[in-house]
file my_file32.cif (mmCIF, C-alpha atoms; chains and numbers go by the auth columns)
data_coords
#
loop_
_atom_site.group_PDB
_atom_site.id
_atom_site.type_symbol
_atom_site.label_atom_id
_atom_site.label_comp_id
_atom_site.label_asym_id
_atom_site.label_seq_id
_atom_site.Cartn_x
_atom_site.Cartn_y
_atom_site.Cartn_z
_atom_site.B_iso_or_equiv
_atom_site.auth_seq_id
_atom_site.auth_asym_id
ATOM 1 C CA MET A 1 -16.983 -69.945 -99.839 0.00 1 H
ATOM 2 C CA LYS A 2 -17.034 -72.138 -102.922 0.00 2 H
ATOM 3 C CA LEU A 3 -14.389 -74.491 -104.230 0.00 3 H
ATOM 4 C CA ASP A 4 -13.081 -74.081 -107.748 0.00 4 H
ATOM 5 C CA ARG A 5 -13.524 -77.462 -109.454 0.00 5 H
ATOM 6 C CA GLU A 6 -10.512 -77.046 -111.744 0.00 6 H
ATOM 7 C CA LYS A 7 -8.236 -75.897 -108.923 0.00 7 H
ATOM 8 C CA LEU A 8 -9.400 -78.786 -106.769 0.00 8 H
ATOM 9 C CA GLU A 9 -8.690 -81.283 -109.549 0.00 9 H
ATOM 10 C CA PHE A 10 -5.170 -79.843 -109.996 0.00 10 H
ATOM 11 C CA ALA A 11 -4.567 -80.057 -106.244 0.00 11 H
ATOM 12 C CA LYS A 12 -5.765 -83.678 -106.195 0.00 12 H
ATOM 13 C CA ALA A 13 -3.457 -84.484 -109.128 0.00 13 H
ATOM 14 C CA ARG A 14 -0.453 -82.844 -107.435 0.00 14 H
ATOM 15 C CA ALA A 15 -1.197 -84.801 -104.260 0.00 15 H
ATOM 16 C CA CYS A 16 -1.802 -88.005 -106.289 0.00 16 H
ATOM 17 C CA MET A 17 -5.163 -88.355 -104.551 0.00 17 H
ATOM 18 C CA SER A 18 -8.533 -89.459 -105.815 0.00 18 H
ATOM 19 C CA GLN A 19 -11.936 -88.705 -104.351 0.00 19 H
ATOM 20 C CA LYS A 20 -11.737 -92.062 -102.595 0.00 20 H
ATOM 21 C CA ASP A 21 -8.422 -91.029 -101.016 0.00 21 H
ATOM 22 C CA LEU A 22 -10.065 -87.854 -99.725 0.00 22 H
ATOM 23 C CA GLU A 23 -12.896 -89.920 -98.274 0.00 23 H
ATOM 24 C CA GLU A 24 -10.339 -92.141 -96.537 0.00 24 H
ATOM 25 C CA ALA A 25 -8.709 -88.969 -95.172 0.00 25 H
ATOM 26 C CA GLY A 26 -12.003 -88.158 -93.435 0.00 26 H
ATOM 27 C CA ILE A 27 -13.830 -85.985 -95.976 0.00 27 H
ATOM 28 C CA PRO A 28 -17.318 -87.490 -96.502 0.00 28 H
ATOM 29 C CA LYS A 29 -18.427 -88.049 -100.105 0.00 29 H
ATOM 30 C CA GLY A 30 -21.507 -85.865 -99.584 0.00 30 H
ATOM 31 C CA THR A 31 -19.333 -82.999 -98.390 0.00 31 H
ATOM 32 C CA LEU A 32 -17.173 -83.218 -101.502 0.00 32 H
ATOM 33 C CA CYS A 33 -20.231 -83.253 -103.772 0.00 33 H
ATOM 34 C CA ARG A 34 -21.810 -80.326 -101.929 0.00 34 H
ATOM 35 C CA ALA A 35 -18.545 -78.373 -102.084 0.00 35 H
ATOM 36 C CA MET A 36 -18.655 -78.521 -105.872 0.00 36 H
ATOM 37 C CA SER A 37 -22.128 -77.034 -106.171 0.00 37 H
ATOM 38 C CA GLN A 38 -22.756 -74.912 -103.085 0.00 38 H
ATOM 39 C CA ASN A 39 -21.022 -72.618 -100.668 0.00 39 H
ATOM 40 C CA ILE A 40 -19.310 -74.415 -97.811 0.00 40 H
ATOM 41 C CA ARG A 41 -18.015 -73.261 -94.456 0.00 41 H
ATOM 42 C CA PRO A 42 -14.413 -72.029 -94.335 0.00 42 H
ATOM 43 C CA LYS A 43 -13.638 -74.782 -91.835 0.00 43 H
ATOM 44 C CA THR A 44 -14.751 -77.437 -94.341 0.00 44 H
ATOM 45 C CA ALA A 45 -12.651 -75.885 -97.110 0.00 45 H
ATOM 46 C CA GLY A 46 -9.740 -75.900 -94.690 0.00 46 H
ATOM 47 C CA LYS A 47 -10.173 -79.596 -93.948 0.00 47 H
ATOM 48 C CA ILE A 48 -10.207 -80.436 -97.661 0.00 48 H
ATOM 49 C CA ALA A 49 -7.121 -78.295 -98.258 0.00 49 H
ATOM 50 C CA LYS A 50 -5.327 -79.896 -95.317 0.00 50 H
ATOM 51 C CA ALA A 51 -6.078 -83.387 -96.631 0.00 51 H
ATOM 52 C CA LEU A 52 -4.565 -82.327 -99.970 0.00 52 H
ATOM 53 C CA GLY A 53 -1.565 -80.636 -98.354 0.00 53 H
ATOM 54 C CA VAL A 54 -2.304 -77.235 -99.919 0.00 54 H
ATOM 55 C CA ASP A 55 -3.284 -73.802 -98.697 0.00 55 H
ATOM 56 C CA VAL A 56 -7.043 -73.221 -98.785 0.00 56 H
ATOM 57 C CA THR A 57 -6.570 -70.262 -101.142 0.00 57 H
ATOM 58 C CA GLU A 58 -5.322 -72.720 -103.782 0.00 58 H
ATOM 59 C CA ILE A 59 -8.690 -74.463 -104.081 0.00 59 H
ATOM 60 C CA ILE A 60 -11.320 -71.754 -103.613 0.00 60 H
ATOM 61 C CA GLU A 61 -12.879 -69.584 -106.301 0.00 61 H
ATOM 62 C CA ASP A 62 -11.334 -66.142 -106.797 0.00 62 H
#
call {"tool": "encode", "arguments": {"input": "my_file32.cif", "output": "structure tokens"}}
result
Amino acid sequence: MKLDREKLEFAKARACMSQKDLEEAGIPKGTLCRAMSQNIRPKTAGKIAKALGVDVTEIIED
């Protein structure tokens, strides 16, 4: 499962969150960087989506 960078940026904007805010919500910086370039586990995508207050399908690639 890979995150869609553009969708993630839109979700962060809607939530008024920066990468630092996601880190403070418990998502490590390395995880966020890896999520942009590699496949991640569904559970990790779910944690990122939960921190943003969106459904996971809103931030993953189609």
call {"tool": "resolve_selection", "arguments": {"input": "my_file32.cif", "expression": "the PyMOL selection byres ((chain H and resi 35) around 10)", "output": "list in words"}}
result
Met1, Lys2, Leu3, Asp4, Arg5, Lys29, Gly30, Thr31, Leu32, Cys33, Arg34, Met36, Ser37, Gln38, Asn39, Ile40, Arg41, Thr44, Ala45, Ile48 and Ile60 of chain H
call {"tool": "write_last_selection", "arguments": {"input": "my_file32.cif", "atoms": "C-alpha atoms", "output": "PDB file, keeping the file's coordinate frame"}}
result
ATOM      1  CA  MET H   1     -16.983 -69.945 -99.839  1.00  0.00           C
ATOM      2  CA  LYS H   2     -17.034 -72.138-102.922  1.00  0.00           C
ATOM      3  CA  LEU H   3     -14.389 -74.491-104.230  1.00  0.00           C
ATOM      4  CA  ASP H   4     -13.081 -74.081-107.748  1.00  0.00           C
ATOM      5  CA  ARG H   5     -13.524 -77.462-109.454  1.00  0.00           C
ATOM      6  CA  LYS H  29     -18.427 -88.049-100.105  1.00  0.00           C
ATOM      7  CA  GLY H  30     -21.507 -85.865 -99.584  1.00  0.00           C
ATOM      8  CA  THR H  31     -19.333 -82.999 -98.390  1.00  0.00           C
ATOM      9  CA  LEU H  32     -17.173 -83.218-101.502  1.00  0.00           C
ATOM     10  CA  CYS H  33     -20.231 -83.253-103.772  1.00  0.00           C
ATOM     11  CA  ARG H  34     -21.810 -80.326-101.929  1.00  0.00           C
ATOM     12  CA  MET H  36     -18.655 -78.521-105.872  1.00  0.00           C
ATOM     13  CA  SER H  37     -22.128 -77.034-106.171  1.00  0.00           C
ATOM     14  CA  GLN H  38     -22.756 -74.912-103.085  1.00  0.00           C
ATOM     15  CA  ASN H  39     -21.022 -72.618-100.668  1.00  0.00           C
ATOM     16  CA  ILE H  40     -19.310 -74.415 -97.811  1.00  0.00           C
ATOM     17  CA  ARG H  41     -18.015 -73.261 -94.456  1.00  0.00           C
ATOM     18  CA  THR H  44     -14.751 -77.437 -94.341  1.00  0.00           C
ATOM     19  CA  ALA H  45     -12.651 -75.885 -97.110  1.00  0.00           C
ATOM     20  CA  ILE H  48     -10.207 -80.436 -97.661  1.00  0.00           C
ATOM     21  CA  ILE H  60     -11.320 -71.754-103.613  1.00  0.00           C
TER      22      ILE H  60
END
call {"tool": "resolve_selection", "arguments": {"input": "my_file32.cif", "expression": "the PyMOL selection byres ((chain H and resi 59) around 10)", "output": "number ranges by chain"}}
result
H: 2-12, 45-46, 48-49, 52, 54-58, 60-62
call {"tool": "atom_distance", "arguments": {"input": "my_file32.cif", "atom1": "atom CA of H:Arg14", "atom2": "atom CA of H:Pro28"}}
result
20.6 Å
call {"tool": "residues_around", "arguments": {"input": "my_file32.cif", "residues": "H:Ala51", "least_positions_apart": "4", "cutoff": "9 Å", "atoms": "all atoms listed in the file", "output": "list of chain:residue names"}}
result
H:Leu22, H:Ala25, H:Gly26, H:Ile27, H:Gly46, H:Lys47
call {"tool": "write_last_selection", "arguments": {"input": "my_file32.cif", "atoms": "C-alpha atoms", "output": "short mmCIF file (atom, residue, chain, number, x, y, z; two decimals), in the coordinates of the input"}}
result
data_model
loop_
_atom_site.label_atom_id
_atom_site.label_comp_id
_atom_site.auth_asym_id
_atom_site.auth_seq_id
_atom_site.Cartn_x
_atom_site.Cartn_y
_atom_site.Cartn_z
CA LEU H 22 -10.06 -87.85 -99.72
CA ALA H 25 -8.71 -88.97 -95.17
CA GLY H 26 -12.00 -88.16 -93.44
CA ILE H 27 -13.83 -85.98 -95.98
CA GLY H 46 -9.74 -75.90 -94.69
CA LYS H 47 -10.17 -79.60 -93.95
#
call {"tool": "decode", "arguments": {"input": "my_file32.cif", "residues": "stretch 15-36 of chain H", "atoms": "N, CA, C and O atoms", "output": "compact mmCIF listing (two decimals), in the first residue's frame"}}
result
# COMPACT_ATOMS: atom_id res chain seq x y z
N ALA H 15 -6.94 19.28 7.39
CA ALA H 15 -6.83 19.10 8.84
C ALA H 15 -6.00 20.21 9.50
O ALA H 15 -5.85 20.22 10.72
N CYS H 16 -5.47 21.13 8.67
CA CYS H 16 -4.59 22.20 9.17
C CYS H 16 -3.43 21.62 9.97
O CYS H 16 -3.11 22.08 11.07
N MET H 17 -2.81 20.58 9.41
CA MET H 17 -1.70 19.91 10.08
C MET H 17 -0.46 19.94 9.20
O MET H 17 -0.56 19.84 7.99
N SER H 18 0.66 20.07 9.86
CA SER H 18 1.95 20.00 9.17
C SER H 18 2.57 18.65 9.47
O SER H 18 2.04 17.86 10.25
N GLN H 19 3.73 18.40 8.87
CA GLN H 19 4.43 17.15 9.17
C GLN H 19 4.79 17.10 10.66
O GLN H 19 4.69 16.06 11.29
N LYS H 20 5.15 18.25 11.20
CA LYS H 20 5.49 18.30 12.63
C LYS H 20 4.27 17.93 13.49
O LYS H 20 4.41 17.23 14.49
N ASP H 21 3.09 18.38 13.08
CA ASP H 21 1.87 18.03 13.81
C ASP H 21 1.63 16.52 13.77
O ASP H 21 1.21 15.94 14.77
N LEU H 22 1.90 15.91 12.61
CA LEU H 22 1.75 14.46 12.51
C LEU H 22 2.75 13.75 13.41
O LEU H 22 2.42 12.74 14.04
N GLU H 23 3.96 14.27 13.48
CA GLU H 23 4.97 13.68 14.36
C GLU H 23 4.50 13.78 15.81
O GLU H 23 4.64 12.83 16.58
N GLU H 24 3.93 14.92 16.18
CA GLU H 24 3.44 15.10 17.55
C GLU H 24 2.24 14.18 17.84
O GLU H 24 1.98 13.85 18.98
N ALA H 25 1.54 13.78 16.78
CA ALA H 25 0.40 12.86 16.93
C ALA H 25 0.86 11.41 17.00
O ALA H 25 0.04 10.50 17.08
N GLY H 26 2.19 11.20 16.95
CA GLY H 26 2.72 9.85 17.12
C GLY H 26 3.18 9.14 15.86
O GLY H 26 3.44 7.95 15.88
N ILE H 27 3.26 9.87 14.74
CA ILE H 27 3.74 9.28 13.49
C ILE H 27 5.20 9.68 13.32
O ILE H 27 5.49 10.85 13.07
N PRO H 28 6.15 8.76 13.47
CA PRO H 28 7.57 9.11 13.37
C PRO H 28 7.93 9.70 12.00
O PRO H 28 7.35 9.32 10.97
N LYS H 29 8.87 10.63 12.00
CA LYS H 29 9.30 11.29 10.77
C LYS H 29 9.76 10.27 9.72
O LYS H 29 9.42 10.38 8.54
N GLY H 30 10.51 9.28 10.14
CA GLY H 30 11.00 8.25 9.22
C GLY H 30 9.86 7.48 8.56
O GLY H 30 9.93 7.13 7.39
N THR H 31 8.80 7.25 9.31
CA THR H 31 7.64 6.55 8.76
C THR H 31 6.98 7.39 7.68
O THR H 31 6.61 6.88 6.63
N LEU H 32 6.86 8.69 7.94
CA LEU H 32 6.25 9.58 6.94
C LEU H 32 7.10 9.64 5.67
O LEU H 32 6.57 9.59 4.56
N CYS H 33 8.40 9.71 5.82
CA CYS H 33 9.30 9.75 4.66
C CYS H 33 9.21 8.44 3.87
O CYS H 33 9.13 8.45 2.65
N ARG H 34 9.22 7.32 4.58
CA ARG H 34 9.15 6.01 3.94
C ARG H 34 7.81 5.84 3.23
O ARG H 34 7.74 5.28 2.14
N ALA H 35 6.75 6.36 3.82
CA ALA H 35 5.42 6.23 3.23
C ALA H 35 5.31 6.94 1.89
O ALA H 35 4.49 6.56 1.05
N MET H 36 6.14 7.94 1.67
CA MET H 36 6.11 8.68 0.42
C MET H 36 6.84 7.95 -0.70
O MET H 36 6.59 8.20 -1.87
